[in-house]
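Enquirer: Sharing coords-v2.pdb below, PDB, C-alpha atoms and all ligand atoms:
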ATOM      1  CA  MET A 928      -2.612 -17.648 -19.495  1.00  0.00           C
ATOM      2  CA  ALA A 929      -5.729 -16.819 -21.487  1.00  0.00           C
ATOM      3  CA  THR A 930      -5.694 -13.532 -23.353  1.00  0.00           C
ATOM      4  CA  THR A 931      -8.345 -11.745 -25.323  1.00  0.00           C
ATOM      5  CA  THR A 932      -8.519 -11.705 -29.096  1.00  0.00           C
ATOM      6  CA  ASP A 933      -7.649  -8.006 -28.968  1.00  0.00           C
ATOM      7  CA  GLU A 934      -4.536  -7.544 -31.123  1.00  0.00           C
ATOM      8  CA  ARG A 935      -3.492  -4.142 -29.776  1.00  0.00           C
ATOM      9  CA  PRO A 936      -0.117  -4.070 -27.980  1.00  0.00           C
ATOM     10  CA  LEU A 937      -0.406  -4.439 -24.206  1.00  0.00           C
ATOM     11  CA  PHE A 938       1.714  -2.372 -21.838  1.00  0.00           C
ATOM     12  CA  ILE A 939       1.716  -3.015 -18.106  1.00  0.00           C
ATOM     13  CA  VAL A 940       3.336  -0.454 -15.817  1.00  0.00           C
ATOM     14  CA  LEU A 941       4.145  -1.711 -12.331  1.00  0.00           C
ATOM     15  CA  LEU A 942       3.801   1.216  -9.977  1.00  0.00           C
ATOM     16  CA  GLY A 943       4.922   1.181  -6.355  1.00  0.00           C
ATOM     17  CA  PRO A 944       7.662   2.349  -3.995  1.00  0.00           C
ATOM     18  CA  PRO A 945      11.231   1.010  -4.083  1.00  0.00           C
ATOM     19  CA  GLY A 946      11.106  -2.402  -2.420  1.00  0.00           C
ATOM     20  CA  ALA A 947       7.475  -3.117  -3.354  1.00  0.00           C
ATOM     21  CA  GLY A 948       8.616  -6.151  -5.358  1.00  0.00           C
ATOM     22  CA  LYS A 949       8.246  -4.621  -8.831  1.00  0.00           C
ATOM     23  CA  GLY A 950      11.362  -6.287 -10.236  1.00  0.00           C
ATOM     24  CA  THR A 951      10.486  -9.772  -8.997  1.00  0.00           C
ATOM     25  CA  GLN A 952       6.863  -9.508 -10.054  1.00  0.00           C
ATOM     26  CA  ALA A 953       7.686  -7.919 -13.424  1.00  0.00           C
ATOM     27  CA  LYS A 954       9.920 -10.895 -14.302  1.00  0.00           C
ATOM     28  CA  ARG A 955       7.122 -13.333 -13.408  1.00  0.00           C
ATOM     29  CA  LEU A 956       4.439 -11.381 -15.236  1.00  0.00           C
ATOM     30  CA  ALA A 957       6.667 -11.042 -18.301  1.00  0.00           C
ATOM     31  CA  GLU A 958       7.052 -14.806 -18.380  1.00  0.00           C
ATOM     32  CA  ALA A 959       3.339 -15.451 -17.854  1.00  0.00           C
ATOM     33  CA  LEU A 960       2.329 -13.054 -20.626  1.00  0.00           C
ATOM     34  CA  GLY A 961       5.233 -13.661 -23.031  1.00  0.00           C
ATOM     35  CA  LEU A 962       6.172  -9.968 -23.057  1.00  0.00           C
ATOM     36  CA  PRO A 963       9.610  -8.396 -22.453  1.00  0.00           C
ATOM     37  CA  HIS A 964      10.450  -7.024 -19.012  1.00  0.00           C
ATOM     38  CA  ILE A 965      11.822  -3.499 -19.314  1.00  0.00           C
ATOM     39  CA  SER A 966      13.406  -2.056 -16.179  1.00  0.00           C
ATOM     40  CA  THR A 967      14.948   1.400 -16.571  1.00  0.00           C
ATOM     41  CA  GLY A 968      17.027   0.778 -13.418  1.00  0.00           C
ATOM     42  CA  ASP A 969      18.436  -2.431 -14.982  1.00  0.00           C
ATOM     43  CA  ILE A 970      19.230  -0.627 -18.244  1.00  0.00           C
ATOM     44  CA  PHE A 971      21.068   2.144 -16.364  1.00  0.00           C
ATOM     45  CA  ARG A 972      22.989  -0.448 -14.308  1.00  0.00           C
ATOM     46  CA  GLU A 973      23.934  -2.283 -17.510  1.00  0.00           C
ATOM     47  CA  HIS A 974      25.315   0.965 -19.001  1.00  0.00           C
ATOM     48  CA  LEU A 975      27.161   1.632 -15.755  1.00  0.00           C
ATOM     49  CA  LYS A 976      28.773  -1.791 -15.841  1.00  0.00           C
ATOM     50  CA  LYS A 977      29.973  -1.143 -19.403  1.00  0.00           C
ATOM     51  CA  GLN A 978      31.005   2.431 -18.476  1.00  0.00           C
ATOM     52  CA  THR A 979      29.194   3.982 -21.444  1.00  0.00           C
ATOM     53  CA  PRO A 980      28.649   7.790 -21.440  1.00  0.00           C
ATOM     54  CA  LEU A 981      24.997   7.179 -20.458  1.00  0.00           C
ATOM     55  CA  GLY A 982      26.133   4.884 -17.636  1.00  0.00           C
ATOM     56  CA  ARG A 983      28.557   7.473 -16.291  1.00  0.00           C
ATOM     57  CA  LEU A 984      25.906  10.181 -16.443  1.00  0.00           C
ATOM     58  CA  ALA A 985      23.273   8.001 -14.729  1.00  0.00           C
ATOM     59  CA  GLN A 986      25.704   7.012 -11.989  1.00  0.00           C
ATOM     60  CA  GLN A 987      25.886  10.594 -10.687  1.00  0.00           C
ATOM     61  CA  TYR A 988      22.162  10.406  -9.909  1.00  0.00           C
ATOM     62  CA  MET A 989      21.800   6.730  -8.983  1.00  0.00           C
ATOM     63  CA  ASP A 990      24.504   6.801  -6.306  1.00  0.00           C
ATOM     64  CA  ARG A 991      22.555   9.507  -4.474  1.00  0.00           C
ATOM     65  CA  GLY A 992      19.203   7.820  -4.947  1.00  0.00           C
ATOM     66  CA  ALA A 993      18.111  10.733  -7.183  1.00  0.00           C
ATOM     67  CA  LEU A 994      16.296  10.431 -10.515  1.00  0.00           C
ATOM     68  CA  VAL A 995      18.135  10.541 -13.833  1.00  0.00           C
ATOM     69  CA  PRO A 996      16.835  13.591 -15.819  1.00  0.00           C
ATOM     70  CA  ASP A 997      13.567  13.044 -17.680  1.00  0.00           C
ATOM     71  CA  GLU A 998      14.897  13.814 -21.192  1.00  0.00           C
ATOM     72  CA  VAL A 999      17.624  11.175 -20.858  1.00  0.00           C
ATOM     73  CA  THR A1000      15.284   8.550 -19.420  1.00  0.00           C
ATOM     74  CA  ILE A1001      12.486   9.202 -21.915  1.00  0.00           C
ATOM     75  CA  GLU A1002      14.835   8.931 -24.931  1.00  0.00           C
ATOM     76  CA  MET A1003      16.277   5.695 -23.573  1.00  0.00           C
ATOM     77  CA  VAL A1004      12.796   4.191 -23.185  1.00  0.00           C
ATOM     78  CA  ARG A1005      11.718   5.424 -26.616  1.00  0.00           C
ATOM     79  CA  GLU A1006      14.700   3.631 -28.157  1.00  0.00           C
ATOM     80  CA  ARG A1007      14.035   0.458 -26.135  1.00  0.00           C
ATOM     81  CA  LEU A1008      10.363   0.364 -27.146  1.00  0.00           C
ATOM     82  CA  SER A1009      11.254   0.749 -30.811  1.00  0.00           C
ATOM     83  CA  ARG A1010      12.926  -2.677 -30.786  1.00  0.00           C
ATOM     84  CA  ASP A1011      11.144  -5.589 -32.321  1.00  0.00           C
ATOM     85  CA  ASP A1012      10.539  -7.559 -29.115  1.00  0.00           C
ATOM     86  CA  ALA A1013       8.361  -4.724 -27.735  1.00  0.00           C
ATOM     87  CA  ARG A1014       6.033  -4.739 -30.732  1.00  0.00           C
ATOM     88  CA  ARG A1015       3.308  -6.671 -28.837  1.00  0.00           C
ATOM     89  CA  GLY A1016       3.879  -4.673 -25.645  1.00  0.00           C
ATOM     90  CA  ALA A1017       5.995  -4.897 -22.492  1.00  0.00           C
ATOM     91  CA  ILE A1018       6.038  -4.997 -18.704  1.00  0.00           C
ATOM     92  CA  LEU A1019       7.591  -1.776 -17.431  1.00  0.00           C
ATOM     93  CA  ASP A1020       9.229  -1.628 -14.027  1.00  0.00           C
ATOM     94  CA  GLY A1021      10.590   1.698 -12.751  1.00  0.00           C
ATOM     95  CA  PHE A1022       9.163   3.787 -15.602  1.00  0.00           C
ATOM     96  CA  PRO A1023       7.392   6.190 -15.699  1.00  0.00           C
ATOM     97  CA  ARG A1024       8.538   7.768 -12.445  1.00  0.00           C
ATOM     98  CA  THR A1025       7.512  11.419 -12.988  1.00  0.00           C
ATOM     99  CA  LEU A1026       4.505  13.149 -14.550  1.00  0.00           C
ATOM    100  CA  ALA A1027       6.657  14.333 -17.482  1.00  0.00           C
ATOM    101  CA  GLN A1028       7.709  10.722 -18.141  1.00  0.00           C
ATOM    102  CA  ALA A1029       4.074   9.547 -17.863  1.00  0.00           C
ATOM    103  CA  GLU A1030       2.982  12.127 -20.415  1.00  0.00           C
ATOM    104  CA  ALA A1031       5.756  11.258 -22.862  1.00  0.00           C
ATOM    105  CA  PHE A1032       4.902   7.578 -22.394  1.00  0.00           C
ATOM    106  CA  ALA A1033       1.193   8.283 -23.055  1.00  0.00           C
ATOM    107  CA  ALA A1034       2.178   9.754 -26.427  1.00  0.00           C
ATOM    108  CA  MET A1035       4.247   6.634 -27.254  1.00  0.00           C
ATOM    109  CA  LEU A1036       1.243   4.435 -26.380  1.00  0.00           C
ATOM    110  CA  ALA A1037      -1.112   6.565 -28.465  1.00  0.00           C
ATOM    111  CA  GLU A1038       1.206   6.219 -31.508  1.00  0.00           C
ATOM    112  CA  ARG A1039       0.915   2.452 -31.143  1.00  0.00           C
ATOM    113  CA  GLY A1040      -2.800   2.331 -30.313  1.00  0.00           C
ATOM    114  CA  ALA A1041      -1.752   0.345 -27.238  1.00  0.00           C
ATOM    115  CA  ARG A1042      -3.678  -0.779 -24.160  1.00  0.00           C
ATOM    116  CA  LEU A1043      -2.389   0.111 -20.706  1.00  0.00           C
ATOM    117  CA  ILE A1044      -2.894  -1.496 -17.287  1.00  0.00           C
ATOM    118  CA  VAL A1045      -1.219  -0.050 -14.189  1.00  0.00           C
ATOM    119  CA  PRO A1046      -1.082  -2.329 -11.149  1.00  0.00           C
ATOM    120  CA  TYR A1047      -0.105  -0.315  -8.075  1.00  0.00           C
ATOM    121  CA  ILE A1048       1.676  -2.543  -5.543  1.00  0.00           C
ATOM    122  CA  ARG A1049       1.086  -1.138  -2.041  1.00  0.00           C
ATOM    123  CA  VAL A1050       3.534  -1.905   0.773  1.00  0.00           C
ATOM    124  CA  PRO A1051       3.897  -0.046   4.137  1.00  0.00           C
ATOM    125  CA  GLU A1052       7.067   2.048   4.472  1.00  0.00           C
ATOM    126  CA  GLU A1053       8.563   0.111   7.407  1.00  0.00           C
ATOM    127  CA  VAL A1054       8.441  -3.070   5.329  1.00  0.00           C
ATOM    128  CA  LEU A1055      10.207  -1.379   2.391  1.00  0.00           C
ATOM    129  CA  VAL A1056      13.328  -0.503   4.368  1.00  0.00           C
ATOM    130  CA  GLU A1057      13.656  -4.052   5.673  1.00  0.00           C
ATOM    131  CA  ARG A1058      13.142  -5.535   2.233  1.00  0.00           C
ATOM    132  CA  LEU A1059      15.667  -3.292   0.496  1.00  0.00           C
ATOM    133  CA  SER A1060      18.383  -3.605   3.099  1.00  0.00           C
ATOM    134  CA  GLY A1061      18.308  -7.439   2.931  1.00  0.00           C
ATOM    135  CA  ARG A1062      18.227  -7.625  -0.866  1.00  0.00           C
ATOM    136  CA  TRP A1063      20.829  -9.586  -2.890  1.00  0.00           C
ATOM    137  CA  ILE A1064      20.916  -9.604  -6.690  1.00  0.00           C
ATOM    138  CA  CYS A1065      22.535 -11.982  -9.161  1.00  0.00           C
ATOM    139  CA  ARG A1066      25.213 -10.535 -11.424  1.00  0.00           C
ATOM    140  CA  ALA A1067      24.284 -12.545 -14.482  1.00  0.00           C
ATOM    141  CA  HIS A1068      20.518 -12.018 -14.846  1.00  0.00           C
ATOM    142  CA  GLY A1069      19.309  -9.827 -11.981  1.00  0.00           C
ATOM    143  CA  HIS A1070      17.438 -12.586 -10.100  1.00  0.00           C
ATOM    144  CA  ILE A1071      16.416 -11.112  -6.748  1.00  0.00           C
ATOM    145  CA  PHE A1072      16.804 -12.745  -3.297  1.00  0.00           C
ATOM    146  CA  HIS A1073      16.293 -11.589   0.281  1.00  0.00           C
ATOM    147  CA  GLU A1074      18.425 -12.858   3.150  1.00  0.00           C
ATOM    148  CA  LYS A1075      15.327 -13.433   5.312  1.00  0.00           C
ATOM    149  CA  TYR A1076      12.249 -13.703   3.062  1.00  0.00           C
ATOM    150  CA  ASN A1077      13.667 -15.423  -0.005  1.00  0.00           C
ATOM    151  CA  PRO A1078      17.178 -16.673   0.807  1.00  0.00           C
ATOM    152  CA  PRO A1079      19.290 -18.383  -1.865  1.00  0.00           C
ATOM    153  CA  LYS A1080      20.027 -22.073  -1.156  1.00  0.00           C
ATOM    154  CA  GLN A1081      23.707 -21.205  -0.800  1.00  0.00           C
ATOM    155  CA  PRO A1082      24.588 -17.741   0.567  1.00  0.00           C
ATOM    156  CA  GLY A1083      26.074 -15.466  -2.105  1.00  0.00           C
ATOM    157  CA  VAL A1084      25.192 -17.759  -5.039  1.00  0.00           C
ATOM    158  CA  CYS A1085      22.215 -17.471  -7.423  1.00  0.00           C
ATOM    159  CA  ASP A1086      19.895 -20.530  -7.333  1.00  0.00           C
ATOM    160  CA  TYR A1087      19.084 -20.172 -11.038  1.00  0.00           C
ATOM    161  CA  ASP A1088      22.425 -19.615 -12.749  1.00  0.00           C
ATOM    162  CA  GLY A1089      25.117 -20.036 -10.061  1.00  0.00           C
ATOM    163  CA  SER A1090      26.399 -16.492 -10.513  1.00  0.00           C
ATOM    164  CA  GLU A1091      27.589 -14.257  -7.679  1.00  0.00           C
ATOM    165  CA  LEU A1092      25.043 -12.275  -5.627  1.00  0.00           C
ATOM    166  CA  TYR A1093      25.728  -8.617  -4.760  1.00  0.00           C
ATOM    167  CA  GLN A1094      24.045  -5.812  -2.829  1.00  0.00           C
ATOM    168  CA  ARG A1095      23.145  -2.664  -4.764  1.00  0.00           C
ATOM    169  CA  GLU A1096      25.097   0.498  -3.906  1.00  0.00           C
ATOM    170  CA  ASP A1097      21.823   2.375  -3.487  1.00  0.00           C
ATOM    171  CA  ASP A1098      20.393  -0.215  -1.047  1.00  0.00           C
ATOM    172  CA  LYS A1099      22.371   1.410   1.810  1.00  0.00           C
ATOM    173  CA  PRO A1100      20.138   2.719   4.663  1.00  0.00           C
ATOM    174  CA  GLU A1101      20.733   6.480   4.002  1.00  0.00           C
ATOM    175  CA  THR A1102      20.136   6.108   0.269  1.00  0.00           C
ATOM    176  CA  ILE A1103      17.044   3.943   0.841  1.00  0.00           C
ATOM    177  CA  GLN A1104      15.381   6.708   2.897  1.00  0.00           C
ATOM    178  CA  HIS A1105      16.165   9.224   0.177  1.00  0.00           C
ATOM    179  CA  ARG A1106      14.785   6.976  -2.577  1.00  0.00           C
ATOM    180  CA  ILE A1107      11.542   6.583  -0.617  1.00  0.00           C
ATOM    181  CA  ARG A1108      11.260  10.411  -0.265  1.00  0.00           C
ATOM    182  CA  VAL A1109      11.916  10.861  -3.997  1.00  0.00           C
ATOM    183  CA  TYR A1110       9.251   8.252  -4.713  1.00  0.00           C
ATOM    184  CA  GLU A1111       6.725  10.095  -2.539  1.00  0.00           C
ATOM    185  CA  GLU A1112       7.435  13.442  -4.140  1.00  0.00           C
ATOM    186  CA  GLU A1113       7.931  12.526  -7.787  1.00  0.00           C
ATOM    187  CA  THR A1114       6.252   9.193  -8.434  1.00  0.00           C
ATOM    188  CA  ALA A1115       3.333   8.873  -5.980  1.00  0.00           C
ATOM    189  CA  PRO A1116       1.349  11.570  -7.911  1.00  0.00           C
ATOM    190  CA  LEU A1117       1.157   9.039 -10.768  1.00  0.00           C
ATOM    191  CA  ILE A1118      -1.236   6.956  -8.636  1.00  0.00           C
ATOM    192  CA  GLU A1119      -3.927   9.641  -9.005  1.00  0.00           C
ATOM    193  CA  TYR A1120      -2.927  10.329 -12.611  1.00  0.00           C
ATOM    194  CA  TYR A1121      -3.573   6.708 -13.584  1.00  0.00           C
ATOM    195  CA  ARG A1122      -6.572   6.310 -11.257  1.00  0.00           C
ATOM    196  CA  ASN A1123      -8.215   9.217 -13.075  1.00  0.00           C
ATOM    197  CA  GLN A1124      -7.637   7.455 -16.395  1.00  0.00           C
ATOM    198  CA  GLY A1125      -9.369   4.331 -15.053  1.00  0.00           C
ATOM    199  CA  VAL A1126      -6.325   2.082 -15.621  1.00  0.00           C
ATOM    200  CA  LEU A1127      -5.079   1.702 -12.017  1.00  0.00           C
ATOM    201  CA  VAL A1128      -5.532  -1.604 -10.171  1.00  0.00           C
ATOM    202  CA  GLU A1129      -4.494  -1.741  -6.507  1.00  0.00           C
ATOM    203  CA  ILE A1130      -2.626  -4.829  -5.307  1.00  0.00           C
ATOM    204  CA  ASP A1131      -1.711  -5.606  -1.681  1.00  0.00           C
ATOM    205  CA  GLY A1132       2.043  -6.235  -1.912  1.00  0.00           C
ATOM    206  CA  ASN A1133       2.515  -6.994   1.790  1.00  0.00           C
ATOM    207  CA  ARG A1134       2.096 -10.754   1.544  1.00  0.00           C
ATOM    208  CA  PRO A1135       4.028 -13.741   0.198  1.00  0.00           C
ATOM    209  CA  MET A1136       5.528 -13.293  -3.285  1.00  0.00           C
ATOM    210  CA  ASP A1137       3.467 -16.052  -4.911  1.00  0.00           C
ATOM    211  CA  GLU A1138       0.212 -14.538  -3.638  1.00  0.00           C
ATOM    212  CA  VAL A1139       1.174 -11.171  -5.087  1.00  0.00           C
ATOM    213  CA  THR A1140       1.929 -12.841  -8.443  1.00  0.00           C
ATOM    214  CA  TRP A1141      -1.475 -14.542  -8.530  1.00  0.00           C
ATOM    215  CA  ALA A1142      -3.238 -11.329  -7.560  1.00  0.00           C
ATOM    216  CA  LEU A1143      -1.415  -9.515 -10.361  1.00  0.00           C
ATOM    217  CA  ILE A1144      -2.236 -12.129 -12.980  1.00  0.00           C
ATOM    218  CA  ASP A1145      -5.907 -12.075 -11.895  1.00  0.00           C
ATOM    219  CA  ALA A1146      -5.998  -8.286 -11.989  1.00  0.00           C
ATOM    220  CA  VAL A1147      -4.487  -8.159 -15.478  1.00  0.00           C
ATOM    221  CA  GLN A1148      -6.907 -10.821 -16.706  1.00  0.00           C
ATOM    222  CA  ASP A1149      -9.881  -8.929 -15.231  1.00  0.00           C
ATOM    223  CA  ALA A1150      -8.741  -5.667 -16.777  1.00  0.00           C
ATOM    224  CA  LEU A1151      -8.319  -7.342 -20.176  1.00  0.00           C
ATOM    225  CA  ASN A1152     -11.789  -8.913 -19.966  1.00  0.00           C
ATOM    226  CA  GLN A1153     -13.367  -5.595 -19.022  1.00  0.00           C
ATOM    227  CA  LYS A1154     -11.575  -3.802 -21.847  1.00  0.00           C
ATOM    228  CA  SER A1155     -12.602  -6.340 -24.430  1.00  0.00           C
ATOM    229  CA  THR A1156     -16.227  -6.109 -23.241  1.00  0.00           C
ATOM    230  CA  ALA A1157     -16.024  -2.317 -23.352  1.00  0.00           C
ATOM    231  CA  SER A1158     -14.626  -2.360 -26.911  1.00  0.00           C
ATOM    232  CA  GLU A1159     -17.301  -4.884 -28.013  1.00  0.00           C
ATOM    233  CA  ASP A1160     -19.959  -2.572 -26.538  1.00  0.00           C
ATOM    234  CA  ALA A1161     -18.507   0.457 -28.291  1.00  0.00           C
TER     235      ALA A1161
HETATM  236  P1  LIG A1201      15.449   1.001  -9.746  1.00  0.00           P
HETATM  237  O1  LIG A1201      16.263  -0.185 -10.089  1.00  0.00           O
HETATM  238  O2  LIG A1201      14.128   1.057 -10.484  1.00  0.00           O
HETATM  239  O3  LIG A1201      15.264   1.178  -8.258  1.00  0.00           O
HETATM  240  O4  LIG A1201      16.275   2.281 -10.263  1.00  0.00           O
HETATM  241  C1  LIG A1201      17.561   2.574  -9.751  1.00  0.00           C
HETATM  242  C2  LIG A1201      17.937   4.017 -10.027  1.00  0.00           C
HETATM  243  O5  LIG A1201      17.976   4.238 -11.442  1.00  0.00           O
HETATM  244  C3  LIG A1201      16.949   5.054  -9.515  1.00  0.00           C
HETATM  245  O6  LIG A1201      17.155   5.375  -8.144  1.00  0.00           O
HETATM  246  C4  LIG A1201      17.254   6.230 -10.437  1.00  0.00           C
HETATM  247  O7  LIG A1201      18.473   6.868 -10.093  1.00  0.00           O
HETATM  248  C5  LIG A1201      17.482   5.522 -11.768  1.00  0.00           C
HETATM  249  N1  LIG A1201      16.206   5.360 -12.497  1.00  0.00           N
HETATM  250  C6  LIG A1201      15.566   4.200 -12.807  1.00  0.00           C
HETATM  251  N2  LIG A1201      14.437   4.425 -13.473  1.00  0.00           N
HETATM  252  C7  LIG A1201      14.319   5.773 -13.592  1.00  0.00           C
HETATM  253  C8  LIG A1201      13.344   6.637 -14.164  1.00  0.00           C
HETATM  254  N3  LIG A1201      12.239   6.168 -14.749  1.00  0.00           N
HETATM  255  N4  LIG A1201      13.582   7.981 -14.106  1.00  0.00           N
HETATM  256  C9  LIG A1201      14.688   8.478 -13.538  1.00  0.00           C
HETATM  257  N5  LIG A1201      15.623   7.724 -12.946  1.00  0.00           N
HETATM  258  C10 LIG A1201      15.452   6.378 -12.972  1.00  0.00           C
END
When written as structure tokens, how does the structure in this file appear?
Ligand code: AMP

Expert:
Amino acid sequence: MATTTDERPLFIVLLGPPGAGKGTQAKRLAEALGLPHISTGDIFREHLKKQTPLGRLAQQYMDRGALVPDEVTIEMVRERLSRDDARRGAILDGFPRTLAQAEAFAAMLAERGARLIVPYIRVPEEVLVERLSGRWICRAHGHIFHEKYNPPKQPGVCDYDGSELYQREDDKPETIQHRIRVYEEETAPLIEYYRNQGVLVEIDGNRPMDEVTWALIDAVQDALNQKSTASEDA
């Protein structure tokens, strides 16, 4: 994909409710742009699997569909972004999720002189519940399938690496409803926050996965073109 000659790091935050397709689209965008995909949910699940102190702490919140405290999450992201592969930027999925996280993240971006684009993937609530409750994830690399919309060739087996597919603990119907409420209360205010900064791009996420990917790539390209024109004008 064509990029601008702008050398500043590029950070893309995928905003949207649980089940909007952030994980799937973040992986595709990361590949298209050659940037790392950073999912705070994946990092917490990785810690949980290894039973680290952070994993055990996060589990108390994740099992209920609640948010892990801001200080813990912000420090974890700060450490992740300090690694070499995030020098040119990253695709963030699941962070920031609160205003406090967004403000801490803004300071990290300012330190780096980075550019930010925030695609907001919109999906109606009734679709979210159906998507999350039919979701299956591969143990090895987190590839995401859906029993109806994106079934694996062989049930229970990942098409890409042959590993076992599992359903997330927090994809149970009661927890899903709670996660959607938490999203509305804590994360939805970030839509206005980023709209006011002029970095929000709205994407219709209620259509086939490939169409959403193309819309995202177009939106990122447009935003980059506009920014490079704006900086040339400045
Ligand atoms: P996800 O995979 O993005 O749906 O995240 C799964 C769970 O991890 C969430 O329900 C939270 O408990 C926790 N989590 C992930 N990202 C964050 C975040 N930015 N802030 C707080 N908790 C988070």

Enquirer: Report the distance between atom O4 of ligand LIG 1201 (chain A) and atom CA of A:Ile1107 in Å, rounded to one decimal place.

Expert: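 Distance reported for this atom pair: 11.6 Å.
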
Enquirer: Mind giving me the straight-line distance from atom CA of A:Ala1033 to atom O7 of ligand LIG 1201 (chain A) in Å, one decimal?

Expert: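 Rounded to one decimal, the two atoms are 21.6 Å apart.
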
Enquirer: Quick one: residues within 12 Å of A:Ala1037, all atoms listed in the file, excluding same-chain residues fewer than 6 positions away - as a ChimeraX atom specification?

Expert: /A:935-938,1030-1031,1043

Enquirer: May I have the selected residues written with C-alpha atoms, as a PDB file, keeping the file's coordinate frame?

Expert:
ATOM      1  CA  ARG A 935      -3.492  -4.142 -29.776  1.00  0.00           C
ATOM      2  CA  PRO A 936      -0.117  -4.070 -27.980  1.00  0.00           C
ATOM      3  CA  LEU A 937      -0.406  -4.439 -24.206  1.00  0.00           C
ATOM      4  CA  PHE A 938       1.714  -2.372 -21.838  1.00  0.00           C
ATOM      5  CA  GLU A1030       2.982  12.127 -20.415  1.00  0.00           C
ATOM      6  CA  ALA A1031       5.756  11.258 -22.862  1.00  0.00           C
ATOM      7  CA  LEU A1043      -2.389   0.111 -20.706  1.00  0.00           C
TER       8      LEU A1043
END

Enquirer: Nearest to A:His1068 among A:Glu1052, A:Asp1149, A:Asp1088, A:Asp933, with distances taken over all atoms listed in the file: which residue is it?

Expert: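 The closest residue to A:His1068 is A:Asp1088.
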
Enquirer: Which residues, named as in the file, does the PyMOL selection byres (((chain A and resi 1140) around 10) and not hetatm) pick out? Answer as a VMD selection string.

Expert: chain A and resid 948 951 to 953 955 to 956 959 1130 1132 1135 to 1139 1141 to 1146

Enquirer: Kindly give the distance, in Å, that separates atom CA of A:Ala1029 and atom CA of A:Tyr1047, rounded to a single decimal.

Expert: 14.5 Å

Enquirer: Could you write stretch 1093-1105 of chain A as a tab-separated table (two decimals), keeping the file's coordinate frame, with N, CA, C and O atoms rebuilt where they are missing?

Expert:
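Saved the output as part.tsv:
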chain	number	residue	atom	x	y	z
A	1093	TYR	N	25.16	-9.85	-5.31
A	1093	TYR	CA	25.73	-8.62	-4.76
A	1093	TYR	C	24.62	-7.74	-4.20
A	1093	TYR	O	23.44	-7.94	-4.51
A	1094	GLN	N	25.01	-6.78	-3.35
A	1094	GLN	CA	24.04	-5.81	-2.83
A	1094	GLN	C	24.19	-4.51	-3.61
A	1094	GLN	O	25.32	-4.07	-3.86
A	1095	ARG	N	23.08	-3.90	-4.00
A	1095	ARG	CA	23.14	-2.66	-4.76
A	1095	ARG	C	23.70	-1.53	-3.92
A	1095	ARG	O	23.37	-1.40	-2.76
A	1096	GLU	N	24.53	-0.69	-4.56
A	1096	GLU	CA	25.10	0.50	-3.91
A	1096	GLU	C	24.01	1.34	-3.26
A	1096	GLU	O	24.18	1.88	-2.17
A	1097	ASP	N	22.87	1.48	-4.00
A	1097	ASP	CA	21.82	2.38	-3.49
A	1097	ASP	C	20.87	1.67	-2.52
A	1097	ASP	O	19.85	2.24	-2.14
A	1098	ASP	N	21.18	0.45	-2.09
A	1098	ASP	CA	20.39	-0.22	-1.05
A	1098	ASP	C	20.98	0.03	0.34
A	1098	ASP	O	20.68	-0.70	1.29
A	1099	LYS	N	21.84	1.05	0.49
A	1099	LYS	CA	22.37	1.41	1.81
A	1099	LYS	C	21.31	2.23	2.55
A	1099	LYS	O	20.57	2.99	1.91
A	1100	PRO	N	21.24	2.10	3.92
A	1100	PRO	CA	20.14	2.72	4.66
A	1100	PRO	C	19.90	4.20	4.34
A	1100	PRO	O	18.76	4.61	4.12
A	1101	GLU	N	20.96	5.04	4.24
A	1101	GLU	CA	20.73	6.48	4.00
A	1101	GLU	C	20.12	6.69	2.62
A	1101	GLU	O	19.22	7.53	2.44
A	1102	THR	N	20.63	5.94	1.64
A	1102	THR	CA	20.14	6.11	0.27
A	1102	THR	C	18.70	5.59	0.15
A	1102	THR	O	17.88	6.15	-0.57
A	1103	ILE	N	18.40	4.51	0.89
A	1103	ILE	CA	17.04	3.94	0.84
A	1103	ILE	C	16.03	5.00	1.27
A	1103	ILE	O	15.02	5.23	0.60
A	1104	GLN	N	16.31	5.68	2.40
A	1104	GLN	CA	15.38	6.71	2.90
A	1104	GLN	C	15.17	7.78	1.83
A	1104	GLN	O	14.06	8.22	1.59
A	1105	HIS	N	16.27	8.18	1.19
A	1105	HIS	CA	16.16	9.22	0.18
A	1105	HIS	C	15.33	8.75	-1.01
A	1105	HIS	O	14.49	9.49	-1.53
